[in-house]
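So the structure is just underneath, and the comments pick up after that.
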Amino acid sequence: MTGVDIDAARRAEACVARAEQQRTIFAAAPRRLDLLRLRTPWPLQPVTVHVIRNHAFEHVASALAPFAAFAGLAPRVSYGGYDDGLTDLATDAEVVVTWVDFERYASKLDASALIDWFASRIVALRAASAAKVLVVDRALPSGENVSGFNAELAARVGSVPDVHVCATAPIVERLGAGLYDDARAGATGTRLGDAACLAFAQRFGLVWLPAVLAPRKKVIAVDLDNTLYRGVLGEDGVDGLVLTDGHAALQRELLRLRSEGLLLAVVSRNDPADVDALFAARRDFPLARGDIAAWSVGWDSKADGVASVAGALRVGPEAVVLVDDNPGELAAAASTHPGLATLHADPDGAVTASALALFPGLLRWRHAREDALRDADLRAAGEREKRAAASGGTADYVASLGVRLELEMRARASRHRVHDLSSKTNQFNLALRRFSEEQVAERMDSPDHRVATIALSDRLSDSGLVGFLSARRDGDALRVEELCISCRALGRGLEDTMIASCVRAMSRELATSAVVFEYGLGPRNGPARSWLERVSGQPLATGGGEVRVPLAALPAPLEGVIIHGDGQ
Amino acid sequence: VSDSLEKRAREVLQVVLGLPAGDGDIVRERTPEWDSIKNVEIVFALEEQFAVRIPETELSGLESLGSIVRILERHHAS
C-alpha cells in the first residue's frame with residue numbers, strides 16, 4: 001500500500017496473503033501470538049519513529065510490526081527517556097509520537113494549565129524537529145470531562161504545522177475500565193493493560209502511521225453480490241437478497257467514510273438493468289444510488305472495472321480500495337494495477353465494516369472543505385463536458401459557465417490544503433517538491449516568498465482550492481519552485497489563466513520582470529511539463545531543470561473568466 | 001496435562017523470543033533475547049494462550065520454561 005513497487009505476480013501473491021491475514025489484523029480484540037506468527041511476503045518501506053514519553057511504549061511497539069506491515073511500513077522505533085517534563089525533543093526521525101500519560105500531572109496542574117504547558121512543548125518540538133508529529137490524546141475511561149479536554153487539546157496543538165492528534169476515544173470506548181491494568185504498572189512501566197497496548201499498536205500500524213506516511217486513498221470501490229448484501233442478484237433476484245445486520249453495518253460504514261470525503265464506486269459483474277432495479281426497489285438499503293459517484297457494472301473484469309471508475313473519478317487506480325468477496329478477482333485486479341489496495345469482503349458484513357474503519361489510507365485528519373466538494377464537482381464534470389462539446393469555442397464555454405477564480409497570497413488558513421495538493425497531485429505537479437505543511441507555513445511567512453492559492457467555482461459547482469504556486473524573489477526574476485493544479489480543475493482550458501494570473505500578481509508584489517519555472521520529472525507529471533514546454537517554447541531536459549520566461553510571454557487571461565484577488 | 005501444557009508454553013516462548021524449534025529447557029539467563037521487555041511480552045502471551053492471570057508476585061519467578069509450567073499448573077491453566 002506504500003509506494004514500494006513489485007511485479008504483477010508478486011502483487012497478486014501479496015493480495016492473497018493480505019486477505020489471509022485480515023481476520024488477525026483487523027480483529028476487534030487482536031491476539032499477540034497470532035500477530036507474532038504472521039509473515040510478510042511483500043516489500044516494506046522502512047520508517048523511523050521516535051517516541052517522546054512519560055510511560056512505556058515498548059509493549060505497543062512489540063506488536064506494531066505486523067499491523068504496520070499490512071500497510072506496507074516497517075517502523076524502527078527509538079525512545080526518549082521517561083520524562084514528565086518532555087524536555088528532550090531533538091530527533092531526526094521521520095515521525096515523532098508523543099506518548100503521554102496525562103494523569104501523571106493531575107495533582108500538579110489543572111486541565112487548562114496542563115493544555116497550555118503541553119501545547120508549549122509541542123511548539124518547542126515543532127521548532128526542534130522537522131518530523132511529522134503524532135500526539136496521542138488523553139485516554140481516560142471515566143471521571144472528569146475528558147472529551148472537553150481532548151477537544152481543547154486538538155484545537156491547540158492541531159493548528160501547529162504537521163502535528164496530528166490521534167484520538168484515543170475509539171479504544172477507550174471499546175475497552176472501558178479494561179483500558180488500565182494498574183496492578184501491572186510496576187512491571188510494565190505503563191498503566192495500560194495488554195489489550196490496550198494491542199489496540200494502540202493496531203491503530204498506530206494501520207491508521208495513524210499510514211495517515212502521515214502512505215498515499216491517501218480517495219475511492220472505495222465495492223462489489224455487490226455477497227459483499228454489500230448476502231446473495232447473488234442474478235440468481236436470487238432483487239427480493240431474494242438478504243440485508244443482514246452485518247451488511248447494513250457495512251453500508252453505514254461506507255456512508256460514514258463518504259461523509260468524510262471518500263468517493264464510493266460500484267464495480268460489479270452483473271446486468272446493469274438488474275442493478276438499476278435493485279437500487280430502485282431496495283429502500284431498506286442504507287446505501288442509495290445517489291451515494292455512488294461512479295459505476296462499472298457489466299461483464300468486464302474487475303481490473304477493467306477499477307480502471308473505469310478511477311478514470312471517471314479522475315484518480316489513479318492506486319487511490320482506490322477495492323472491496324470484493326472473490327479473492328481471485330481481487331488478486332487479478334491487484335496484479336494489473338500497482339498500488340491498488342484490496343480488502344477481501346467477509347461473509348459477515350460487520351467484519352468487513354470493522355476492517356474498513358481501520359483500513360490504511362482512509363483516515364482524514366481534517367475534513368478539508370475540498371473533500372466534501374469533490375463528489376458534487378465530479379458530478380458537474382459531465383455537464384461541463386456536454387457544454388464544451390455544444391459551444392463554439394473555449395471562451396463561449398467559459399462565459400456560459402461563469403467561471404470564477406479567487407487568488408490569495410499567504411492564505412495561512414489553507415496551508416494544510418496546500419500541503420495536501422503538493423503531496424497528492426501527480427499530473428499537474430511541475431517540480432514534485434512535496435512540501436510538508438511546515439515548509440508551506442515557512443514560505444507563507446517569508447518576506448521573499450509568495451504562496452498563491454487558487455480557488456475555482458462556476459455555475460455548476462464549487463471546486464474549492466484547486467491549485468497553488470510557490471515562488472520566491474531571485475534577483476530580477478520570480479523563481480517558481482512549485483506549481484500544482486488538482487486534476488479536478490484540469491481539462492477546462494483554465495491552466496494558462498490560473499498560472500499567468502498568479503505569476504503576474506506575485507511579480508507585482510516582488511517587483512520582478514521575468515519568471516523562472518523549476519521542473520522535475522515524475523512518472524505522471526507529463527501534463528505539467530507539456531504546459532511549460534508550450535508556454536516557454538523550449539524543450540525541457542529529460543530530468544529536472546529550469547526555464548526562464550519573460551513576463552510578457554505569459555498567456556493573457558481567458559476572456560470571460562472572473563478573476564478576484566489578483567491585485568489588479 | 002503437563003506434557004501438553006509444556007508443549008504449548010514452549011511454543012509461546014519460541015514465538016515471542018523468535019527461537020528455533022527444539023525440545024530442551026529454555027532458561028532466561030542463557031537466552032539473550034529474554035530481556036525485561038520480552039519478559040512482559042511472555043507474560044501477556046501466556047495469559048492470552050492459557051486464559052489465566054499470573055499474579056504480580058510471581059512475575060519474577062518466570063526464569064525458565066520449567067518454572068513457567070509450574071506456575072501455570074498452580075493456576076490451573078486450561
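All residue names refer to the C-alpha cells as shown: chains lettered A, B, ... in order, residues numbered from 1 in each chain, ligands numbered from 1 in order.
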
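Residues of chain B having any atom within 9 Å of chain A, counting only C-alpha atoms, are Val12, Val15, Val16, Ser36, Ile37, Lys38, Val40, Glu41, Phe44, Ala45, Glu48, Gln49, Glu56 and Leu59 of chain B.
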
Output all heavy atoms for every residue in the selection just made, as a CSV table (one decimal), in the first residue's frame.
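Generated output (selection16.csv):
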chain,number,residue,atom,x,y,z
B,12,VAL,N,4.9,-20.8,23.0
B,12,VAL,CA,4.8,-19.3,23.3
B,12,VAL,C,6.2,-18.7,23.4
B,12,VAL,O,6.5,-17.7,22.8
B,12,VAL,CB,4.0,-19.1,24.7
B,12,VAL,CG1,4.1,-17.7,25.1
B,12,VAL,CG2,2.6,-19.5,24.5
B,15,VAL,N,7.8,-18.4,20.0
B,15,VAL,CA,7.2,-17.4,19.1
B,15,VAL,C,7.7,-16.0,19.6
B,15,VAL,O,8.1,-15.2,18.8
B,15,VAL,CB,5.7,-17.5,19.0
B,15,VAL,CG1,5.1,-16.3,18.4
B,15,VAL,CG2,5.3,-18.8,18.3
B,16,VAL,N,7.5,-15.8,20.9
B,16,VAL,CA,7.8,-14.4,21.4
B,16,VAL,C,9.3,-14.1,21.3
B,16,VAL,O,9.7,-13.0,21.0
B,16,VAL,CB,7.3,-14.3,22.9
B,16,VAL,CG1,7.8,-13.0,23.5
B,16,VAL,CG2,5.8,-14.5,23.0
B,36,SER,N,14.0,-7.8,29.8
B,36,SER,CA,12.8,-7.4,30.7
B,36,SER,C,11.6,-7.1,29.8
B,36,SER,O,10.5,-7.4,30.3
B,36,SER,CB,13.2,-6.3,31.6
B,36,SER,OG,13.6,-5.2,30.8
B,37,ILE,N,11.8,-6.5,28.7
B,37,ILE,CA,10.7,-6.2,27.8
B,37,ILE,C,10.0,-7.5,27.3
B,37,ILE,O,8.8,-7.6,27.3
B,37,ILE,CB,11.1,-5.3,26.6
B,37,ILE,CG1,11.8,-4.0,27.1
B,37,ILE,CG2,9.9,-5.0,25.7
B,37,ILE,CD1,10.9,-3.1,27.8
B,38,LYS,N,10.9,-8.4,26.8
B,38,LYS,CA,10.3,-9.7,26.3
B,38,LYS,C,9.6,-10.4,27.5
B,38,LYS,O,8.7,-11.2,27.3
B,38,LYS,CB,11.5,-10.5,25.7
B,38,LYS,CG,11.9,-10.0,24.4
B,38,LYS,CD,10.8,-10.3,23.3
B,38,LYS,CE,11.3,-9.8,22.0
B,38,LYS,NZ,10.2,-9.8,21.0
B,40,VAL,N,7.8,-9.2,29.8
B,40,VAL,CA,6.4,-8.7,29.9
B,40,VAL,C,5.6,-9.3,28.8
B,40,VAL,O,4.5,-9.8,28.9
B,40,VAL,CB,6.4,-7.2,29.9
B,40,VAL,CG1,5.0,-6.7,29.8
B,40,VAL,CG2,7.1,-6.6,31.1
B,41,GLU,N,6.2,-9.3,27.6
B,41,GLU,CA,5.5,-9.9,26.4
B,41,GLU,C,5.2,-11.4,26.6
B,41,GLU,O,4.1,-11.8,26.2
B,41,GLU,CB,6.4,-9.7,25.2
B,41,GLU,CG,5.6,-9.5,23.9
B,41,GLU,CD,6.6,-9.2,22.7
B,41,GLU,OE1,7.7,-8.7,22.9
B,41,GLU,OE2,6.2,-9.6,21.6
B,44,PHE,N,2.2,-11.6,28.9
B,44,PHE,CA,1.0,-11.3,28.1
B,44,PHE,C,0.6,-12.5,27.3
B,44,PHE,O,-0.6,-12.8,27.2
B,44,PHE,CB,1.2,-10.0,27.2
B,44,PHE,CG,1.2,-8.7,28.0
B,44,PHE,CD1,1.9,-7.6,27.4
B,44,PHE,CD2,0.6,-8.5,29.2
B,44,PHE,CE1,2.0,-6.4,28.1
B,44,PHE,CE2,0.6,-7.3,29.8
B,44,PHE,CZ,1.3,-6.2,29.3
B,45,ALA,N,1.5,-13.0,26.6
B,45,ALA,CA,1.2,-14.1,25.6
B,45,ALA,C,0.8,-15.4,26.4
B,45,ALA,O,-0.1,-16.1,25.9
B,45,ALA,CB,2.4,-14.4,24.8
B,48,GLU,N,-2.8,-14.9,27.5
B,48,GLU,CA,-3.7,-15.0,26.4
B,48,GLU,C,-3.9,-16.4,26.0
B,48,GLU,O,-5.0,-16.9,25.8
B,48,GLU,CB,-3.1,-14.2,25.2
B,48,GLU,CG,-3.8,-14.2,23.9
B,48,GLU,CD,-3.0,-13.5,22.8
B,48,GLU,OE1,-3.1,-12.2,22.8
B,48,GLU,OE2,-2.3,-14.2,22.0
B,49,GLN,N,-2.8,-17.2,25.9
B,49,GLN,CA,-2.8,-18.6,25.5
B,49,GLN,C,-3.5,-19.5,26.5
B,49,GLN,O,-4.2,-20.4,26.1
B,49,GLN,CB,-1.4,-19.1,25.2
B,49,GLN,CG,-1.3,-20.5,24.8
B,49,GLN,CD,-1.7,-20.7,23.3
B,49,GLN,OE1,-2.2,-19.8,22.7
B,49,GLN,NE2,-1.4,-21.9,22.8
B,56,GLU,N,1.1,-10.8,40.2
B,56,GLU,CA,2.3,-9.9,40.1
B,56,GLU,C,3.4,-10.4,40.9
B,56,GLU,O,4.6,-10.3,40.5
B,56,GLU,CB,1.9,-8.5,40.5
B,56,GLU,CG,1.1,-7.7,39.5
B,56,GLU,CD,-0.2,-8.3,39.1
B,56,GLU,OE1,-1.0,-8.7,40.0
B,56,GLU,OE2,-0.5,-8.4,37.9
B,59,LEU,N,5.7,-12.8,38.9
B,59,LEU,CA,6.3,-12.4,37.6
B,59,LEU,C,7.8,-12.6,37.6
B,59,LEU,O,8.4,-13.0,36.6
B,59,LEU,CB,6.0,-11.0,37.3
B,59,LEU,CG,4.5,-10.6,37.0
B,59,LEU,CD1,4.3,-9.2,36.6
B,59,LEU,CD2,3.9,-11.6,36.0

His55 in chain A: which residues within 10 Å, counting only C-alpha atoms, same-chain residues fewer than 3 positions away excluded, as a PyMOL selection string?
chain A and resi 52+58+81-84+99-101+104+185+188-192

Report as a PyMOL selection string all protein, DNA and RNA residues lying within 10 Å of Thr31 in chain B, evaluated on only C-alpha atoms, omitting residues in the same chain fewer than 5 positions from it.
chain B and resi 17+19+26+64

Selection: 12 Å around Gly72 in chain A, only C-alpha atoms, excl. self and same-chain fewer than 3 positions, as a VMD selection string:
chain A and resid 1 to 6 14 to 15 18 40 to 47 65 to 69 75 205 to 207 209 to 210 213 to 215 339 341 360 to 361

Could you write out that same residue set with N, CA, C and O atoms as a short mmCIF file (atom, residue, chain, number, x, y, z; two decimals), in the first residue's frame?
data_model
loop_
_atom_site.label_atom_id
_atom_site.label_comp_id
_atom_site.auth_asym_id
_atom_site.auth_seq_id
_atom_site.Cartn_x
_atom_site.Cartn_y
_atom_site.Cartn_z
N MET A 1 0.81 -1.21 0.00
CA MET A 1 0.00 0.00 0.00
C MET A 1 0.85 1.26 0.00
O MET A 1 0.38 2.34 -0.26
N THR A 2 2.15 1.09 0.34
CA THR A 2 3.03 2.22 0.17
C THR A 2 3.56 2.18 -1.25
O THR A 2 3.14 1.37 -2.05
N GLY A 3 4.54 3.06 -1.55
CA GLY A 3 5.00 3.17 -2.92
C GLY A 3 6.02 2.13 -3.34
O GLY A 3 6.59 2.24 -4.41
N VAL A 4 6.29 1.10 -2.53
CA VAL A 4 7.28 0.10 -2.91
C VAL A 4 6.71 -0.75 -4.05
O VAL A 4 5.67 -1.38 -3.91
N ASP A 5 7.42 -0.75 -5.20
CA ASP A 5 6.86 -1.40 -6.37
C ASP A 5 7.33 -2.85 -6.47
O ASP A 5 8.46 -3.17 -6.16
N ILE A 6 6.45 -3.72 -6.92
CA ILE A 6 6.79 -5.11 -7.17
C ILE A 6 6.09 -5.53 -8.44
O ILE A 6 5.19 -4.85 -8.93
N ALA A 14 0.85 -10.99 -2.89
CA ALA A 14 0.70 -10.13 -1.71
C ALA A 14 -0.78 -9.89 -1.40
O ALA A 14 -1.19 -9.86 -0.23
N CYS A 15 -1.58 -9.74 -2.45
CA CYS A 15 -3.02 -9.52 -2.27
C CYS A 15 -3.65 -10.71 -1.55
O CYS A 15 -4.43 -10.53 -0.59
N ARG A 18 -2.47 -10.86 2.10
CA ARG A 18 -3.16 -9.86 2.93
C ARG A 18 -4.56 -10.34 3.29
O ARG A 18 -5.03 -10.17 4.42
N THR A 40 5.38 -11.65 6.33
CA THR A 40 5.02 -10.64 5.33
C THR A 40 5.75 -10.90 4.01
O THR A 40 6.94 -10.59 3.91
N PRO A 41 5.07 -11.45 3.00
CA PRO A 41 5.75 -11.72 1.72
C PRO A 41 5.70 -10.56 0.74
O PRO A 41 5.55 -10.77 -0.45
N TRP A 42 5.76 -9.33 1.23
CA TRP A 42 5.81 -8.19 0.30
C TRP A 42 6.82 -7.18 0.85
O TRP A 42 7.11 -7.18 2.05
N PRO A 43 7.36 -6.34 -0.02
CA PRO A 43 8.39 -5.40 0.44
C PRO A 43 7.80 -4.31 1.31
O PRO A 43 6.63 -3.94 1.15
N LEU A 44 8.61 -3.81 2.23
CA LEU A 44 8.14 -2.80 3.17
C LEU A 44 8.98 -1.53 3.05
O LEU A 44 10.16 -1.58 2.71
N GLN A 45 8.35 -0.42 3.37
CA GLN A 45 9.04 0.87 3.37
C GLN A 45 9.55 1.14 4.78
O GLN A 45 8.75 1.27 5.71
N PRO A 46 10.88 1.23 4.97
CA PRO A 46 11.38 1.50 6.32
C PRO A 46 11.00 2.91 6.77
O PRO A 46 10.94 3.83 5.95
N VAL A 47 10.75 3.07 8.05
CA VAL A 47 10.41 4.39 8.57
C VAL A 47 10.93 4.49 10.01
O VAL A 47 10.88 3.51 10.76
N ALA A 65 4.74 -4.23 14.49
CA ALA A 65 5.26 -4.63 13.17
C ALA A 65 4.22 -5.27 12.25
O ALA A 65 4.10 -4.87 11.08
N PRO A 66 3.44 -6.27 12.70
CA PRO A 66 2.50 -6.89 11.76
C PRO A 66 1.42 -5.94 11.25
O PRO A 66 1.01 -6.03 10.08
N PHE A 67 0.95 -5.04 12.11
CA PHE A 67 -0.06 -4.08 11.66
C PHE A 67 0.55 -3.13 10.62
O PHE A 67 -0.04 -2.88 9.56
N ALA A 68 1.72 -2.59 10.96
CA ALA A 68 2.37 -1.65 10.03
C ALA A 68 2.73 -2.35 8.72
O ALA A 68 2.62 -1.76 7.65
N ALA A 69 3.13 -3.62 8.82
CA ALA A 69 3.49 -4.37 7.61
C ALA A 69 2.29 -4.52 6.68
O ALA A 69 2.43 -4.47 5.46
N PRO A 75 8.36 0.07 10.68
CA PRO A 75 8.84 1.11 11.59
C PRO A 75 10.02 0.64 12.44
O PRO A 75 10.05 -0.50 12.90
N GLY A 205 -0.29 1.14 13.61
CA GLY A 205 0.19 0.45 12.41
C GLY A 205 -0.73 0.60 11.22
O GLY A 205 -0.27 0.78 10.09
N LEU A 206 -2.03 0.53 11.47
CA LEU A 206 -2.99 0.54 10.36
C LEU A 206 -3.48 1.94 10.01
O LEU A 206 -3.77 2.21 8.84
N VAL A 207 -3.62 2.78 11.01
CA VAL A 207 -4.32 4.05 10.77
C VAL A 207 -3.39 5.26 10.88
O VAL A 207 -3.24 6.02 9.93
N LEU A 209 0.09 5.84 11.54
CA LEU A 209 1.34 5.96 10.78
C LEU A 209 1.07 6.05 9.27
O LEU A 209 1.62 6.93 8.60
N PRO A 210 0.22 5.18 8.70
CA PRO A 210 -0.05 5.34 7.26
C PRO A 210 -0.64 6.71 6.91
O PRO A 210 -0.40 7.23 5.82
N LEU A 213 2.32 8.80 6.36
CA LEU A 213 3.44 8.28 5.57
C LEU A 213 3.04 7.71 4.22
O LEU A 213 3.85 7.68 3.29
N ALA A 214 1.84 7.19 4.09
CA ALA A 214 1.45 6.48 2.87
C ALA A 214 0.45 7.34 2.08
O ALA A 214 -0.24 8.18 2.66
N PRO A 215 0.37 7.12 0.76
CA PRO A 215 -0.60 7.89 -0.03
C PRO A 215 -2.03 7.67 0.46
O PRO A 215 -2.39 6.57 0.84
N GLY A 339 -0.26 -0.56 -6.72
CA GLY A 339 -0.72 0.40 -5.72
C GLY A 339 -2.19 0.25 -5.37
O GLY A 339 -2.66 0.87 -4.40
N ALA A 341 -5.24 -0.97 -3.52
CA ALA A 341 -5.43 -1.65 -2.23
C ALA A 341 -6.65 -2.54 -2.32
O ALA A 341 -7.63 -2.19 -3.00
N PRO A 360 -5.85 1.10 6.14
CA PRO A 360 -4.83 2.14 5.91
C PRO A 360 -5.21 3.08 4.78
O PRO A 360 -5.74 2.66 3.74
N GLY A 361 -4.93 4.36 4.99
CA GLY A 361 -5.10 5.35 3.92
C GLY A 361 -6.46 6.00 3.87
O GLY A 361 -6.70 6.85 3.01
#

Assign secondary structure with DSSP using the backbone only, and return the residues of range 44-284 of chain A in alpha helix (DSSP H) as a PyMOL selection string.
chain A and resi 58-61+64-70+111-128+146-157+169-175+185-188+194-203+209-213+233-236+245-259+272-281

Hey, can you spit out that residue selection with C-alpha atoms as a short mmCIF file (atom, residue, chain, number, x, y, z; two decimals), in the first residue's frame?
data_model
loop_
_atom_site.label_atom_id
_atom_site.label_comp_id
_atom_site.auth_asym_id
_atom_site.auth_seq_id
_atom_site.Cartn_x
_atom_site.Cartn_y
_atom_site.Cartn_z
CA GLU A 58 7.58 -0.83 24.35
CA HIS A 59 4.58 -3.14 24.73
CA VAL A 60 2.81 -1.26 21.95
CA ALA A 61 5.91 -1.35 19.76
CA LEU A 64 3.35 -2.88 15.97
CA ALA A 65 5.26 -4.63 13.17
CA PRO A 66 2.50 -6.89 11.76
CA PHE A 67 -0.06 -4.08 11.66
CA ALA A 68 2.37 -1.65 10.03
CA ALA A 69 3.49 -4.37 7.61
CA PHE A 70 -0.09 -4.80 6.41
CA ALA A 111 -6.74 20.94 32.82
CA SER A 112 -6.28 24.41 31.38
CA ALA A 113 -2.74 24.80 32.72
CA LEU A 114 -1.86 21.29 31.54
CA ILE A 115 -3.04 22.02 28.00
CA ASP A 116 -1.15 25.34 27.99
CA TRP A 117 2.03 23.65 29.09
CA PHE A 118 1.66 20.69 26.74
CA ALA A 119 0.92 22.95 23.76
CA SER A 120 4.10 24.90 24.53
CA ARG A 121 6.07 21.63 24.39
CA ILE A 122 4.54 20.79 21.01
CA VAL A 123 5.51 24.22 19.67
CA ALA A 124 9.04 23.62 21.01
CA LEU A 125 9.06 20.17 19.40
CA ARG A 126 7.98 21.70 16.10
CA ALA A 127 10.94 24.08 16.29
CA ALA A 128 13.36 21.28 17.19
CA VAL A 146 -12.01 14.05 29.03
CA SER A 147 -13.80 14.78 25.75
CA GLY A 148 -13.69 18.50 26.54
CA PHE A 149 -10.01 18.18 27.44
CA ASN A 150 -9.25 16.38 24.19
CA ALA A 151 -11.24 18.86 22.10
CA GLU A 152 -9.26 21.73 23.61
CA LEU A 153 -6.01 19.82 23.18
CA ALA A 154 -6.80 19.17 19.50
CA ALA A 155 -7.69 22.81 18.92
CA ARG A 156 -4.43 23.97 20.48
CA VAL A 157 -1.88 21.56 19.05
CA ALA A 169 -11.77 7.63 22.09
CA PRO A 170 -12.50 4.53 19.93
CA ILE A 171 -10.07 2.47 22.03
CA VAL A 172 -11.36 3.84 25.32
CA GLU A 173 -14.98 3.20 24.30
CA ARG A 174 -14.22 -0.40 23.39
CA LEU A 175 -12.11 -1.29 26.43
CA ALA A 185 2.15 -0.85 36.07
CA GLY A 186 5.22 -1.51 38.20
CA ALA A 187 6.32 -4.35 35.93
CA THR A 188 5.26 -2.88 32.59
CA ASP A 194 -2.15 -5.73 27.29
CA ALA A 195 -5.47 -5.31 25.46
CA ALA A 196 -4.92 -1.56 25.35
CA CYS A 197 -1.33 -1.95 24.12
CA LEU A 198 -2.53 -4.22 21.31
CA ALA A 199 -5.34 -1.82 20.39
CA PHE A 200 -2.89 1.08 20.24
CA ALA A 201 -0.47 -0.99 18.11
CA GLN A 202 -3.37 -1.72 15.74
CA ARG A 203 -4.26 1.99 15.42
CA LEU A 209 1.34 5.96 10.78
CA PRO A 210 -0.05 5.34 7.26
CA ALA A 211 -2.03 8.59 7.53
CA VAL A 212 1.23 10.57 7.67
CA LEU A 213 3.44 8.28 5.57
CA LEU A 233 -28.52 -10.69 -7.73
CA GLY A 234 -28.61 -12.68 -10.97
CA GLU A 235 -29.74 -15.85 -9.15
CA ASP A 236 -31.71 -14.71 -6.10
CA ASP A 245 -27.35 -6.68 10.26
CA GLY A 246 -23.68 -7.01 9.36
CA HIS A 247 -24.21 -5.90 5.77
CA ALA A 248 -26.32 -2.97 6.96
CA ALA A 249 -23.40 -2.03 9.25
CA LEU A 250 -21.06 -2.22 6.27
CA GLN A 251 -23.27 0.05 4.19
CA ARG A 252 -23.47 2.54 7.06
CA GLU A 253 -19.68 2.47 7.41
CA LEU A 254 -19.39 3.26 3.69
CA LEU A 255 -21.72 6.21 4.20
CA ARG A 256 -19.63 7.41 7.15
CA LEU A 257 -16.50 7.29 5.00
CA ARG A 258 -18.35 9.12 2.24
CA SER A 259 -19.25 11.85 4.73
CA PRO A 272 -26.88 -3.15 -15.46
CA ALA A 273 -30.68 -3.37 -15.67
CA ASP A 274 -30.75 -5.73 -12.67
CA VAL A 275 -28.60 -3.31 -10.67
CA ASP A 276 -30.87 -0.40 -11.58
CA ALA A 277 -33.84 -2.44 -10.39
CA LEU A 278 -32.02 -3.39 -7.19
CA PHE A 279 -31.34 0.19 -6.09
CA ALA A 280 -34.82 1.31 -7.15
CA ALA A 281 -36.55 -1.43 -5.14
#

Mind checking which residues fall within 7 Å of Ala303 in chain A, counting only C-alpha atoms, ignoring those fewer than 6 positions away in the same chain, and posting them as a PDB file with N, CA, C and O atoms, in the first residue's frame?
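After the write, out_13.pdb holds the following:
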ATOM      1  N   ALA A 332      -6.425 -10.649  -9.311  1.00  0.00           N
ATOM      2  CA  ALA A 332      -6.260 -10.267 -10.721  1.00  0.00           C
ATOM      3  C   ALA A 332      -6.211  -8.745 -10.856  1.00  0.00           C
ATOM      4  O   ALA A 332      -5.388  -8.201 -11.606  1.00  0.00           O
ATOM      5  N   ALA A 333      -7.083  -8.063 -10.124  1.00  0.00           N
ATOM      6  CA  ALA A 333      -7.075  -6.591 -10.187  1.00  0.00           C
ATOM      7  C   ALA A 333      -5.779  -6.039  -9.600  1.00  0.00           C
ATOM      8  O   ALA A 333      -5.186  -5.103 -10.139  1.00  0.00           O
ATOM      9  N   THR A 336      -2.909  -6.273 -11.939  1.00  0.00           N
ATOM     10  CA  THR A 336      -3.000  -5.332 -13.061  1.00  0.00           C
ATOM     11  C   THR A 336      -2.630  -3.914 -12.654  1.00  0.00           C
ATOM     12  O   THR A 336      -1.995  -3.181 -13.416  1.00  0.00           O
TER      13      THR A 336
END

Excluding same-chain residues fewer than 6 positions from Leu490 in chain A, what lies within 10 Å of it counting only C-alpha atoms, as a JSON list (two decimals) with N, CA and C atoms, in the first residue's frame?
[["chain", "number", "residue", "atom", "x", "y", "z"],
["A", 314, "ARG", "N", -11.30, 10.59, -12.01],
["A", 314, "ARG", "CA", -10.07, 11.35, -12.23],
["A", 314, "ARG", "C", -9.02, 11.09, -11.16],
["A", 427, "GLN", "N", -0.25, 14.72, -11.70],
["A", 427, "GLN", "CA", -0.23, 15.04, -13.12],
["A", 427, "GLN", "C", 0.21, 16.47, -13.38],
["A", 428, "PHE", "N", -0.45, 17.44, -12.72],
["A", 428, "PHE", "CA", -0.03, 18.83, -12.90],
["A", 428, "PHE", "C", 0.73, 19.26, -11.66],
["A", 466, "VAL", "N", -8.04, 24.61, -5.67],
["A", 466, "VAL", "CA", -7.62, 23.57, -6.63],
["A", 466, "VAL", "C", -6.17, 23.68, -7.05],
["A", 527, "PRO", "N", 1.50, 16.25, -18.01],
["A", 527, "PRO", "CA", 0.68, 17.43, -18.30],
["A", 527, "PRO", "C", 1.33, 18.74, -17.86]]

Just want the 9 Å neighbourhood of Ala130 in chain A, counted on only C-alpha atoms, with same-chain residues fewer than 4 positions away dropped. Output as a PyMOL selection string.
chain A and resi 91-95+125-126+162+436+438
